[in-house]
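Here's the structure we're looking at; comments come further down.
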Amino acid sequence: MLSAPMGLMPFRTIPNSIEKRTCTMSLQTLLGSDGYLTQAADTAKYRHDIVGDIQGDPRGVARPTTTEEVSQIMAWCHANKVSVIPQGGNTGLCGGCIPQGQPDTLILSLERMNKVRNLDIMGNTITVDAGCVLADVQRIALENNRFFPVSHGGQGSAQIGGNLSTNSGGNNVLKYGTTRAQVLGLEVVLPDGQIWNGLRALHKDTAGMDLKQIFIGAEGTLGIITAAVLKLRPKPVSRETAMVAIREPADGLWLLRKLQDYVGETVSSFELMHKNAIDTFIAFRPQARVPFTESHPYLVIMEAESPSRFFDLRGAFEAALADAFEEGKAIDAVIAEADQHRLDFWAIREGMAVAMVEDDSCLKSDTSVPVHAIADFVTKTTAEFERLVPGIRPSPLGHIGDGNIHFNGQRPFDMDKQTFISHWDALKDAVENISVELGGSVCAEHGVGRIKKKAVARAKSKEEMALFHTLKNALDPDGICNPGAVL
Ligand SMILES: Cc1cc2nc3c(=O)[nH]c(=O)nc-3n(C[C@H](O)[C@H](O)[C@H](O)COP(=O)(O)OP(=O)(O)OC[C@H]3O[C@@H](n4cnc5c(N)ncnc54)[C@H](O)[C@@H]3O)c2cc1C
């Protein structure tokens, strides 16, 4: 058994008045006035998270343009024991990139490191700076007849460095895996400023431990990711998408298995949406087109895609749906006949995620369970939510195919916002406890950040937490990399 970590250093900072002056001068000299921002008006957008729950007051925002500059910033911070929080697109939902009550901390924004370093069509790889926006990488891949599969509601702003650091998931995990599965190599600046260049485009490399894996999902606590070699996939040329009305999650799982029996791993997405989440979306965007006139308990979006035009995906969809109707597993279904229909389906799914992020009285969650336990998870959590807050509108939605349902809860119509928020701790405990009881995780794809540390410490074993601390202590003994996040 591992012993508890010894000798963890408290996070040190140098007194504010002297340090701020020195920092401003030297970082400004290094980065210029565009590269180092200290005025409140200039730093405003970096100081609060997208949900608006966490506000910070950093000493400044460094905006390097090269790995060499990141290295110099980190060496300076290391020498002066100044803490650093890397920030990507600031779309994370756990407050991981905002200093909370940490006024001496520096935000290191990767936004100006946004170049494609190499595109290897034969080798199916793209090497990008960490500040490249996810949607741009997707677009560049498509323009070159390739596909980058990570896709989620934050993709218009989220950066590759942020996706890697949270190991983000999204809508295509079923077929392609999380962001971790798209990576061949990384470049990382370590807490003392050293640059580790692991930008290898190798599918096989057993020369020692696979170091890149410890930085993926570390949320900036072990160093700054500055670039990555990413895998590209063949561009899908045939694709089928359907929206299906079902009575309960178990019917959705049945349909997923049936479709997978017919077309195997071409099934790329299988998303569940509860009626309450759909109603919220329609209220948020009244012009939206839901393809059913009646309201149903749940809708699913199912999608399969293939780089081959010789594959009869449409036949498989029709057969799986016919089976589902015959067995009473589906109530109604629409197969997209044109690209626009498909986009309309996805606009509903993505739009409801945005609506719930923007609604500050909506309780949000991000947990996972083994796929076989999804129906149980939804039933138990619904009952517990209704017991804790009668009248609550449970709104489970998400990635049923990989076990990650966001079990959100909306305010009872007759309850004011503050009263509802006073129940949030109990509701969050409920969803997390039920997930863990069913063999799941308290964090599925959004990471830990600042808001889920207690939940993680509760859910993980002593041995696992001790290993986290051992790693952190070995790489960042002064604790300057994103203090206050994850651990
Ligand atoms: C509407 C909406 C829908 C979303 N849907 C999904 C979804 O379906 N699936 C999903 O997984 N996520 C989803 N997200 C969450 C979010 O988009 C992801 O967490 C994303 O990966 C974060 O990327 P970012 O660049 O915005 O990172 P940030 O929010 O800036 O940072 C996230 C964490 O990574 C660290 N970090 C950032 N860049 C670096 C770097 N270069 N080196 C080291 N550490 C770094 C930060 O310090 C922080 O701890 C959604 C967000 C929104 C707003």
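Convention: chains lettered A, B, ... in structure tokens order; per-chain residue numbering from 1; ligands numbered from 1 as shown.
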Excluding stretch 356-372 of chain A and its own-chain neighbours fewer than 2 positions away, which residues fall within 6 Å of it when counting only C-alpha atoms? Please give them as a list in words. Ala353, Val354, Ile374, Gly403, Asn404, His406, Phe407, Asn408, Gly409, Gln410, Lys417, Ser435, Gly440, Ser441, Val442, Cys443 and Ala444 of chain A
As a PyMOL selection string, please: every residue in stretch 49-248 of chain A that DSSP puts in strand (DSSP E). chain A and resi 60-62+84-87+106-109+116-120+125-129+146-147+183-189+195-198+224-231+233-234+238-246
Keeping only N, CA and C atoms, take the residues you just selected and write them out as a short mmCIF file (atom, residue, chain, number, x, y, z; two decimals), in the first residue's frame.
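Result saved to again-v9.cif:
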```
data_model
loop_
_atom_site.label_atom_id
_atom_site.label_comp_id
_atom_site.auth_asym_id
_atom_site.auth_seq_id
_atom_site.Cartn_x
_atom_site.Cartn_y
_atom_site.Cartn_z
N GLY A 60 -1.93 39.17 -13.72
CA GLY A 60 -1.85 39.56 -15.13
C GLY A 60 -2.13 38.36 -16.02
N VAL A 61 -2.19 38.64 -17.32
CA VAL A 61 -2.42 37.57 -18.29
C VAL A 61 -1.27 37.57 -19.29
N ALA A 62 -0.50 36.47 -19.32
CA ALA A 62 0.60 36.34 -20.28
C ALA A 62 0.07 35.67 -21.52
N VAL A 84 0.98 29.66 -11.77
CA VAL A 84 0.53 29.86 -13.16
C VAL A 84 -0.71 29.03 -13.43
N ILE A 85 -1.71 29.64 -14.04
CA ILE A 85 -2.88 28.86 -14.48
C ILE A 85 -2.98 28.94 -16.00
N PRO A 86 -2.78 27.80 -16.69
CA PRO A 86 -2.96 27.84 -18.14
C PRO A 86 -4.43 28.02 -18.49
N GLN A 87 -4.67 28.78 -19.54
CA GLN A 87 -6.05 28.98 -19.99
C GLN A 87 -6.14 28.78 -21.50
N LEU A 106 -0.64 34.06 -12.07
CA LEU A 106 -0.57 34.52 -13.45
C LEU A 106 -1.44 33.60 -14.31
N ILE A 107 -2.25 34.19 -15.19
CA ILE A 107 -2.95 33.37 -16.19
C ILE A 107 -2.06 33.31 -17.43
N LEU A 108 -1.85 32.11 -17.93
CA LEU A 108 -1.06 31.94 -19.15
C LEU A 108 -2.02 31.49 -20.25
N SER A 109 -2.39 32.44 -21.10
CA SER A 109 -3.34 32.13 -22.18
C SER A 109 -2.59 31.63 -23.41
N VAL A 116 -0.91 25.78 -37.30
CA VAL A 116 -0.73 24.38 -37.68
C VAL A 116 0.75 24.22 -38.02
N ARG A 117 1.42 23.31 -37.34
CA ARG A 117 2.86 23.16 -37.59
C ARG A 117 3.15 22.22 -38.74
N ASN A 118 2.32 21.22 -38.89
CA ASN A 118 2.54 20.25 -39.97
C ASN A 118 1.25 19.49 -40.26
N LEU A 119 1.02 19.24 -41.56
CA LEU A 119 -0.13 18.41 -41.95
C LEU A 119 0.43 17.28 -42.80
N ASP A 120 0.29 16.05 -42.34
CA ASP A 120 0.86 14.90 -43.05
C ASP A 120 -0.29 14.05 -43.56
N THR A 125 -1.77 12.60 -40.01
CA THR A 125 -1.57 13.33 -38.74
C THR A 125 -1.57 14.83 -38.99
N ILE A 126 -1.88 15.56 -37.95
CA ILE A 126 -1.76 17.02 -37.98
C ILE A 126 -1.05 17.42 -36.69
N THR A 127 -0.06 18.30 -36.80
CA THR A 127 0.67 18.77 -35.62
C THR A 127 0.29 20.24 -35.41
N VAL A 128 -0.27 20.53 -34.24
CA VAL A 128 -0.82 21.87 -34.03
C VAL A 128 -0.31 22.46 -32.72
N ASP A 129 -0.25 23.81 -32.70
CA ASP A 129 -0.04 24.50 -31.43
C ASP A 129 -1.22 24.23 -30.51
N ARG A 146 -9.87 14.77 -44.75
CA ARG A 146 -9.64 13.98 -43.55
C ARG A 146 -10.67 14.39 -42.49
N PHE A 147 -10.62 13.73 -41.33
CA PHE A 147 -11.64 13.97 -40.30
C PHE A 147 -10.97 13.98 -38.94
N VAL A 183 -4.27 11.19 -29.80
CA VAL A 183 -2.96 11.82 -29.65
C VAL A 183 -1.82 10.84 -29.92
N LEU A 184 -0.85 11.29 -30.72
CA LEU A 184 0.36 10.49 -30.92
C LEU A 184 1.55 11.09 -30.18
N GLY A 185 1.60 12.41 -30.11
CA GLY A 185 2.75 13.05 -29.46
C GLY A 185 2.38 14.37 -28.83
N LEU A 186 3.19 14.79 -27.86
CA LEU A 186 2.95 16.06 -27.17
C LEU A 186 4.24 16.84 -27.00
N GLU A 187 4.09 18.15 -26.92
CA GLU A 187 5.19 19.00 -26.47
C GLU A 187 4.68 19.68 -25.19
N VAL A 188 5.50 19.65 -24.15
CA VAL A 188 5.07 20.18 -22.85
C VAL A 188 6.18 21.03 -22.27
N VAL A 189 5.80 22.18 -21.71
CA VAL A 189 6.77 22.96 -20.92
C VAL A 189 6.54 22.60 -19.46
N ILE A 195 11.68 22.33 -21.70
CA ILE A 195 10.75 21.91 -22.76
C ILE A 195 10.93 20.41 -23.00
N TRP A 196 9.83 19.66 -22.91
CA TRP A 196 9.89 18.24 -23.29
C TRP A 196 9.27 18.13 -24.68
N ASN A 197 10.10 17.80 -25.67
CA ASN A 197 9.58 17.66 -27.02
C ASN A 197 9.29 16.19 -27.30
N GLY A 198 8.04 15.83 -27.13
CA GLY A 198 7.61 14.45 -27.41
C GLY A 198 6.71 14.43 -28.63
N ILE A 224 2.61 22.82 -18.98
CA ILE A 224 1.81 23.49 -20.01
C ILE A 224 1.97 22.73 -21.32
N ILE A 225 0.88 22.22 -21.86
CA ILE A 225 0.92 21.58 -23.18
C ILE A 225 1.02 22.69 -24.22
N THR A 226 2.05 22.61 -25.08
CA THR A 226 2.23 23.67 -26.08
C THR A 226 1.94 23.20 -27.51
N ALA A 227 1.99 21.90 -27.76
CA ALA A 227 1.68 21.40 -29.10
C ALA A 227 1.36 19.91 -29.03
N ALA A 228 0.72 19.41 -30.08
CA ALA A 228 0.35 18.00 -30.11
C ALA A 228 0.36 17.47 -31.54
N VAL A 229 0.74 16.19 -31.67
CA VAL A 229 0.55 15.48 -32.94
C VAL A 229 -0.76 14.71 -32.79
N LEU A 230 -1.74 15.03 -33.65
CA LEU A 230 -3.06 14.40 -33.55
C LEU A 230 -3.29 13.48 -34.73
N LYS A 231 -4.01 12.40 -34.45
CA LYS A 231 -4.38 11.46 -35.53
C LYS A 231 -5.53 12.05 -36.34
N ARG A 233 -8.51 10.92 -39.30
CA ARG A 233 -9.20 9.71 -39.79
C ARG A 233 -9.67 9.96 -41.21
N PRO A 234 -10.01 8.87 -41.90
CA PRO A 234 -10.60 9.05 -43.23
C PRO A 234 -11.90 9.85 -43.09
N SER A 238 -20.27 8.37 -46.17
CA SER A 238 -21.68 8.03 -46.01
C SER A 238 -22.02 8.13 -44.53
N ARG A 239 -23.21 8.64 -44.31
CA ARG A 239 -23.60 8.89 -42.92
C ARG A 239 -25.11 8.82 -42.83
N GLU A 240 -25.60 8.23 -41.77
CA GLU A 240 -27.05 8.23 -41.53
C GLU A 240 -27.29 8.75 -40.12
N THR A 241 -28.34 9.54 -40.00
CA THR A 241 -28.69 10.11 -38.69
C THR A 241 -30.20 9.98 -38.51
N ALA A 242 -30.61 9.54 -37.35
CA ALA A 242 -32.06 9.45 -37.10
C ALA A 242 -32.37 10.04 -35.74
N MET A 243 -33.57 10.58 -35.64
CA MET A 243 -34.07 10.99 -34.32
C MET A 243 -35.23 10.06 -33.99
N VAL A 244 -35.18 9.47 -32.81
CA VAL A 244 -36.15 8.44 -32.45
C VAL A 244 -36.79 8.79 -31.11
N ALA A 245 -38.12 8.67 -31.05
CA ALA A 245 -38.83 8.89 -29.79
C ALA A 245 -38.95 7.55 -29.07
N ILE A 246 -38.58 7.54 -27.78
CA ILE A 246 -38.66 6.30 -26.99
C ILE A 246 -39.32 6.58 -25.64
#
```
A:Gly162 environment, 10 Å, only C-alpha atoms, sequence neighbours closer than 4 positions dropped, as a ChimeraX atom specification: /A:86-92,96-97,110,130-134,157-158,166-168,216-217,219-220,225
Dump of all heavy atoms for the selected residues, as a short mmCIF file (atom, residue, chain, number, x, y, z; two decimals), in the first residue's frame:
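Saved file selection35.cif follows:
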```cif
data_model
loop_
_atom_site.label_atom_id
_atom_site.label_comp_id
_atom_site.auth_asym_id
_atom_site.auth_seq_id
_atom_site.Cartn_x
_atom_site.Cartn_y
_atom_site.Cartn_z
N PRO A 86 -2.78 27.80 -16.69
CA PRO A 86 -2.96 27.84 -18.14
C PRO A 86 -4.43 28.02 -18.49
O PRO A 86 -5.31 27.48 -17.82
CB PRO A 86 -2.45 26.47 -18.61
CG PRO A 86 -2.37 25.61 -17.40
CD PRO A 86 -2.38 26.48 -16.19
N GLN A 87 -4.67 28.78 -19.54
CA GLN A 87 -6.05 28.98 -19.99
C GLN A 87 -6.14 28.78 -21.50
O GLN A 87 -5.33 29.32 -22.25
CB GLN A 87 -6.54 30.39 -19.63
CG GLN A 87 -8.02 30.58 -19.86
CD GLN A 87 -8.54 31.92 -19.35
OE1 GLN A 87 -8.75 32.83 -20.15
NE2 GLN A 87 -8.77 32.03 -18.06
N GLY A 88 -7.09 27.94 -21.90
CA GLY A 88 -7.33 27.72 -23.33
C GLY A 88 -8.49 28.60 -23.76
O GLY A 88 -8.46 29.83 -23.63
N GLY A 89 -9.55 27.97 -24.25
CA GLY A 89 -10.71 28.73 -24.72
C GLY A 89 -11.65 29.15 -23.60
O GLY A 89 -12.66 29.79 -23.85
N ASN A 90 -11.32 28.76 -22.37
CA ASN A 90 -12.15 29.11 -21.20
C ASN A 90 -13.59 28.62 -21.37
O ASN A 90 -14.53 29.32 -21.01
CB ASN A 90 -12.11 30.63 -20.96
CG ASN A 90 -12.62 31.00 -19.57
OD1 ASN A 90 -12.97 30.12 -18.78
ND2 ASN A 90 -12.67 32.28 -19.29
N THR A 91 -13.74 27.41 -21.92
CA THR A 91 -15.08 26.81 -22.03
C THR A 91 -15.27 25.68 -21.01
O THR A 91 -16.32 25.04 -20.98
CB THR A 91 -15.35 26.21 -23.43
OG1 THR A 91 -14.48 25.08 -23.62
CG2 THR A 91 -15.11 27.20 -24.53
N GLY A 92 -14.24 25.42 -20.23
CA GLY A 92 -14.32 24.34 -19.24
C GLY A 92 -15.47 24.62 -18.28
O GLY A 92 -15.77 25.78 -17.97
N GLY A 96 -11.60 25.28 -13.95
CA GLY A 96 -10.19 24.88 -13.85
C GLY A 96 -9.20 25.94 -14.27
O GLY A 96 -8.04 25.91 -13.86
N CYS A 97 -9.62 26.92 -15.09
CA CYS A 97 -8.63 27.87 -15.61
C CYS A 97 -8.80 29.27 -15.04
O CYS A 97 -8.30 30.23 -15.60
CB CYS A 97 -8.68 27.89 -17.13
SG CYS A 97 -10.24 28.49 -17.79
N LEU A 110 -3.07 30.53 -23.98
CA LEU A 110 -2.41 29.95 -25.16
C LEU A 110 -3.02 30.49 -26.45
O LEU A 110 -2.70 30.02 -27.55
CB LEU A 110 -2.57 28.41 -25.12
CG LEU A 110 -1.66 27.55 -24.23
CD1 LEU A 110 -0.22 27.63 -24.74
CD2 LEU A 110 -1.71 27.88 -22.76
N ALA A 130 -0.97 24.29 -29.21
CA ALA A 130 -2.04 23.98 -28.26
C ALA A 130 -3.19 24.97 -28.31
O ALA A 130 -4.31 24.66 -27.92
CB ALA A 130 -1.47 23.93 -26.85
N GLY A 131 -2.93 26.20 -28.80
CA GLY A 131 -3.99 27.21 -28.81
C GLY A 131 -4.90 27.14 -30.03
O GLY A 131 -5.81 27.97 -30.17
N CYS A 132 -4.69 26.16 -30.92
CA CYS A 132 -5.60 26.03 -32.07
C CYS A 132 -7.00 25.68 -31.56
O CYS A 132 -7.17 24.82 -30.69
CB CYS A 132 -5.12 24.91 -33.00
SG CYS A 132 -3.75 25.41 -34.03
N VAL A 133 -7.99 26.34 -32.14
CA VAL A 133 -9.38 26.10 -31.73
C VAL A 133 -9.86 24.78 -32.35
O VAL A 133 -9.57 24.49 -33.52
CB VAL A 133 -10.28 27.29 -32.15
CG1 VAL A 133 -11.76 26.98 -31.98
CG2 VAL A 133 -9.89 28.53 -31.36
N LEU A 134 -10.59 24.00 -31.56
CA LEU A 134 -11.04 22.68 -32.00
C LEU A 134 -11.79 22.75 -33.34
O LEU A 134 -11.52 21.95 -34.26
CB LEU A 134 -11.92 22.05 -30.91
CG LEU A 134 -12.66 20.76 -31.24
CD1 LEU A 134 -11.70 19.67 -31.69
CD2 LEU A 134 -13.48 20.29 -30.03
N SER A 157 -14.86 27.55 -29.41
CA SER A 157 -13.84 28.30 -28.64
C SER A 157 -12.81 27.40 -27.98
O SER A 157 -11.67 27.82 -27.76
CB SER A 157 -14.51 29.12 -27.52
OG SER A 157 -15.51 29.94 -28.01
N ALA A 158 -13.20 26.18 -27.61
CA ALA A 158 -12.27 25.28 -26.89
C ALA A 158 -11.03 25.04 -27.74
O ALA A 158 -11.11 24.93 -28.97
CB ALA A 158 -12.96 23.95 -26.59
N THR A 166 -8.33 18.37 -20.36
CA THR A 166 -9.51 17.83 -19.69
C THR A 166 -9.87 16.45 -20.24
O THR A 166 -10.83 15.85 -19.79
CB THR A 166 -10.73 18.76 -19.90
OG1 THR A 166 -10.91 18.97 -21.31
CG2 THR A 166 -10.53 20.10 -19.22
N ASN A 167 -9.09 15.99 -21.23
CA ASN A 167 -9.42 14.75 -21.93
C ASN A 167 -10.90 14.76 -22.33
O ASN A 167 -11.67 13.86 -21.97
CB ASN A 167 -9.11 13.51 -21.07
CG ASN A 167 -9.31 12.22 -21.84
OD1 ASN A 167 -9.25 12.20 -23.07
ND2 ASN A 167 -9.56 11.14 -21.13
N SER A 168 -11.28 15.79 -23.08
CA SER A 168 -12.71 15.97 -23.34
C SER A 168 -13.27 14.85 -24.20
O SER A 168 -12.56 14.17 -24.95
CB SER A 168 -12.98 17.35 -23.95
OG SER A 168 -12.40 17.46 -25.21
N ILE A 216 -2.13 14.35 -20.23
CA ILE A 216 -3.50 14.39 -20.78
C ILE A 216 -4.47 14.18 -19.61
O ILE A 216 -4.36 13.21 -18.87
CB ILE A 216 -3.69 13.29 -21.86
CG1 ILE A 216 -2.70 13.52 -23.01
CG2 ILE A 216 -5.12 13.30 -22.38
CD1 ILE A 216 -2.64 12.39 -24.03
N GLY A 217 -5.39 15.12 -19.47
CA GLY A 217 -6.34 15.03 -18.35
C GLY A 217 -5.80 15.58 -17.05
O GLY A 217 -6.49 15.51 -16.03
N GLU A 219 -5.23 18.71 -16.40
CA GLU A 219 -5.82 20.04 -16.20
C GLU A 219 -4.77 21.10 -15.82
O GLU A 219 -5.00 21.96 -14.96
CB GLU A 219 -6.94 19.98 -15.16
CG GLU A 219 -8.05 19.01 -15.58
CD GLU A 219 -9.24 18.98 -14.64
OE1 GLU A 219 -9.72 20.05 -14.25
OE2 GLU A 219 -9.68 17.87 -14.29
N GLY A 220 -3.62 21.01 -16.45
CA GLY A 220 -2.60 22.04 -16.26
C GLY A 220 -1.87 21.98 -14.93
O GLY A 220 -1.16 22.91 -14.56
N ILE A 225 0.88 22.22 -21.86
CA ILE A 225 0.92 21.58 -23.18
C ILE A 225 1.02 22.69 -24.22
O ILE A 225 0.20 23.62 -24.23
CB ILE A 225 -0.34 20.73 -23.42
CG1 ILE A 225 -0.40 19.58 -22.40
CG2 ILE A 225 -0.36 20.18 -24.86
CD1 ILE A 225 -1.68 18.75 -22.47
#
```
For A:Thr43: contacts at 10 Å, only C-alpha atoms, fewer than 2 positions along chain excluded, given as a PyMOL selection string: chain A and resi 36-41+45-48+57-62+107
Expected file contents, prior selection, C-alpha atoms, as a PDB file, in the first residue's frame:
```
ATOM      1  CA  TYR A  36       1.323  40.756 -21.088  1.00  0.00           C
ATOM      2  CA  LEU A  37      -1.945  42.323 -19.937  1.00  0.00           C
ATOM      3  CA  THR A  38      -2.465  43.812 -16.505  1.00  0.00           C
ATOM      4  CA  GLN A  39      -5.212  46.431 -16.908  1.00  0.00           C
ATOM      5  CA  ALA A  40      -8.620  45.347 -15.611  1.00  0.00           C
ATOM      6  CA  ALA A  41     -10.354  46.229 -18.898  1.00  0.00           C
ATOM      7  CA  LYS A  45     -12.580  38.182 -20.340  1.00  0.00           C
ATOM      8  CA  TYR A  46      -9.933  35.915 -18.792  1.00  0.00           C
ATOM      9  CA  ARG A  47     -11.116  36.413 -15.216  1.00  0.00           C
ATOM     10  CA  HIS A  48     -14.437  34.563 -15.139  1.00  0.00           C
ATOM     11  CA  ASP A  57      -8.269  38.494  -9.904  1.00  0.00           C
ATOM     12  CA  PRO A  58      -4.937  37.396 -11.412  1.00  0.00           C
ATOM     13  CA  ARG A  59      -1.783  39.521 -11.305  1.00  0.00           C
ATOM     14  CA  GLY A  60      -1.851  39.559 -15.129  1.00  0.00           C
ATOM     15  CA  VAL A  61      -2.421  37.565 -18.288  1.00  0.00           C
ATOM     16  CA  ALA A  62       0.600  36.342 -20.278  1.00  0.00           C
ATOM     17  CA  ILE A 107      -2.950  33.375 -16.195  1.00  0.00           C
TER      18      ILE A 107
END
```
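These are the residues of stretch 82-247 of chain A assigned helix (DSSP H, G or I) by DSSP from backbone coordinates: Leu134, Ala135, Asp136, Val137, Gln138, Arg139, Ile140, Ala141, Leu142, Glu143, Ile160, Gly161, Gly162, Asn163, Leu164, Ser165, Thr166, Val173, Leu174, Lys175, Tyr176, Thr179, Arg180, Ala181, Gln182, Lys212, Gln213, Ile214 and Phe215 of chain A.
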Keeping N, CA, C and O atoms for every residue in the selection just given, could you write it to a file as a compact mmCIF listing (two decimals), in the first residue's frame?
```txt
# COMPACT_ATOMS: atom_id res chain seq x y z
N LEU A 134 -10.59 24.00 -31.56
CA LEU A 134 -11.04 22.68 -32.00
C LEU A 134 -11.79 22.75 -33.34
O LEU A 134 -11.52 21.95 -34.26
N ALA A 135 -12.70 23.70 -33.48
CA ALA A 135 -13.49 23.77 -34.73
C ALA A 135 -12.59 24.05 -35.93
O ALA A 135 -12.87 23.61 -37.05
N ASP A 136 -11.49 24.79 -35.72
CA ASP A 136 -10.56 25.07 -36.83
C ASP A 136 -9.83 23.79 -37.24
O ASP A 136 -9.61 23.55 -38.43
N VAL A 137 -9.46 22.97 -36.26
CA VAL A 137 -8.78 21.71 -36.58
C VAL A 137 -9.74 20.79 -37.34
O VAL A 137 -9.36 20.17 -38.34
N GLN A 138 -10.99 20.74 -36.90
CA GLN A 138 -11.99 19.94 -37.63
C GLN A 138 -12.10 20.42 -39.07
O GLN A 138 -12.13 19.63 -40.02
N ARG A 139 -12.18 21.76 -39.23
CA ARG A 139 -12.37 22.34 -40.58
C ARG A 139 -11.16 22.04 -41.48
O ARG A 139 -11.32 21.61 -42.62
N ILE A 140 -9.97 22.23 -40.94
CA ILE A 140 -8.76 22.01 -41.75
C ILE A 140 -8.69 20.54 -42.17
O ILE A 140 -8.34 20.21 -43.30
N ALA A 141 -9.05 19.65 -41.26
CA ALA A 141 -9.04 18.23 -41.60
C ALA A 141 -10.01 17.97 -42.77
O ALA A 141 -9.64 17.33 -43.76
N LEU A 142 -11.22 18.50 -42.67
CA LEU A 142 -12.22 18.25 -43.74
C LEU A 142 -11.76 18.84 -45.07
O LEU A 142 -11.93 18.22 -46.13
N GLU A 143 -11.16 20.04 -45.00
CA GLU A 143 -10.68 20.67 -46.25
C GLU A 143 -9.62 19.80 -46.93
O GLU A 143 -9.36 19.93 -48.12
N ILE A 160 -7.22 22.97 -28.50
CA ILE A 160 -6.67 21.61 -28.42
C ILE A 160 -5.99 21.39 -27.06
O ILE A 160 -6.17 20.35 -26.42
N GLY A 161 -5.25 22.38 -26.57
CA GLY A 161 -4.60 22.24 -25.25
C GLY A 161 -5.61 22.01 -24.14
O GLY A 161 -5.40 21.20 -23.24
N GLY A 162 -6.75 22.72 -24.22
CA GLY A 162 -7.80 22.54 -23.21
C GLY A 162 -8.48 21.19 -23.36
O GLY A 162 -8.77 20.51 -22.37
N ASN A 163 -8.72 20.78 -24.59
CA ASN A 163 -9.33 19.45 -24.82
C ASN A 163 -8.43 18.35 -24.28
O ASN A 163 -8.90 17.38 -23.68
N LEU A 164 -7.12 18.50 -24.53
CA LEU A 164 -6.19 17.48 -24.04
C LEU A 164 -6.12 17.50 -22.51
O LEU A 164 -6.11 16.45 -21.86
N SER A 165 -6.11 18.70 -21.96
CA SER A 165 -5.92 18.81 -20.51
C SER A 165 -7.12 18.34 -19.73
O SER A 165 -7.01 17.96 -18.56
N THR A 166 -8.33 18.37 -20.36
CA THR A 166 -9.51 17.83 -19.69
C THR A 166 -9.87 16.45 -20.24
O THR A 166 -10.83 15.85 -19.79
N VAL A 173 -17.45 9.75 -28.97
CA VAL A 173 -16.59 8.86 -28.17
C VAL A 173 -16.87 7.39 -28.47
O VAL A 173 -15.97 6.54 -28.46
N LEU A 174 -18.13 7.10 -28.75
CA LEU A 174 -18.56 5.73 -29.02
C LEU A 174 -17.68 5.06 -30.08
O LEU A 174 -17.26 3.92 -29.93
N LYS A 175 -17.38 5.80 -31.13
CA LYS A 175 -16.60 5.22 -32.23
C LYS A 175 -15.10 5.53 -32.10
O LYS A 175 -14.26 4.69 -32.39
N TYR A 176 -14.79 6.76 -31.68
CA TYR A 176 -13.39 7.21 -31.79
C TYR A 176 -12.65 7.34 -30.46
O TYR A 176 -11.45 7.58 -30.44
N THR A 179 -10.49 12.48 -26.27
CA THR A 179 -9.37 13.20 -26.89
C THR A 179 -8.06 12.41 -26.73
O THR A 179 -7.22 12.39 -27.63
N ARG A 180 -7.91 11.74 -25.60
CA ARG A 180 -6.69 10.95 -25.37
C ARG A 180 -6.41 9.99 -26.53
O ARG A 180 -5.26 9.77 -26.89
N ALA A 181 -7.47 9.44 -27.09
CA ALA A 181 -7.30 8.43 -28.14
C ALA A 181 -6.89 9.04 -29.47
O ALA A 181 -6.63 8.32 -30.44
N GLN A 182 -6.83 10.38 -29.54
CA GLN A 182 -6.49 11.03 -30.83
C GLN A 182 -5.04 11.50 -30.86
O GLN A 182 -4.63 12.17 -31.79
N LYS A 212 3.43 11.00 -22.36
CA LYS A 212 2.37 11.96 -22.73
C LYS A 212 1.09 11.72 -21.94
O LYS A 212 0.34 12.65 -21.65
N GLN A 213 0.87 10.45 -21.58
CA GLN A 213 -0.41 10.13 -20.93
C GLN A 213 -0.60 10.85 -19.60
O GLN A 213 -1.73 11.12 -19.19
N ILE A 214 0.51 11.17 -18.90
CA ILE A 214 0.29 11.81 -17.58
C ILE A 214 -0.13 13.28 -17.72
O ILE A 214 -0.72 13.84 -16.80
N PHE A 215 0.17 13.88 -18.87
CA PHE A 215 -0.23 15.29 -19.04
C PHE A 215 -1.65 15.41 -19.58
O PHE A 215 -2.28 16.45 -19.44
```
Tell me which protein, DNA and RNA residues are within 9 Å of A:Thr266, counting only C-alpha atoms, leaving out same-chain ones fewer than 6 positions away, and put them as a ChimeraX atom specification. /A:175,260,303-306,313
Selected residue, from A:Lys428, A:Ile335, A:Pro191, A:Asp49, that lies nearest to A:Asn80 when counting only C-alpha atoms: A:Pro191
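Among the candidates A:Glu271, A:Glu384, A:Asp34, A:Asp339, the residue lying nearest to ligand 1 is A:Glu271 (atoms considered: only C-alpha atoms and all ligand atoms).
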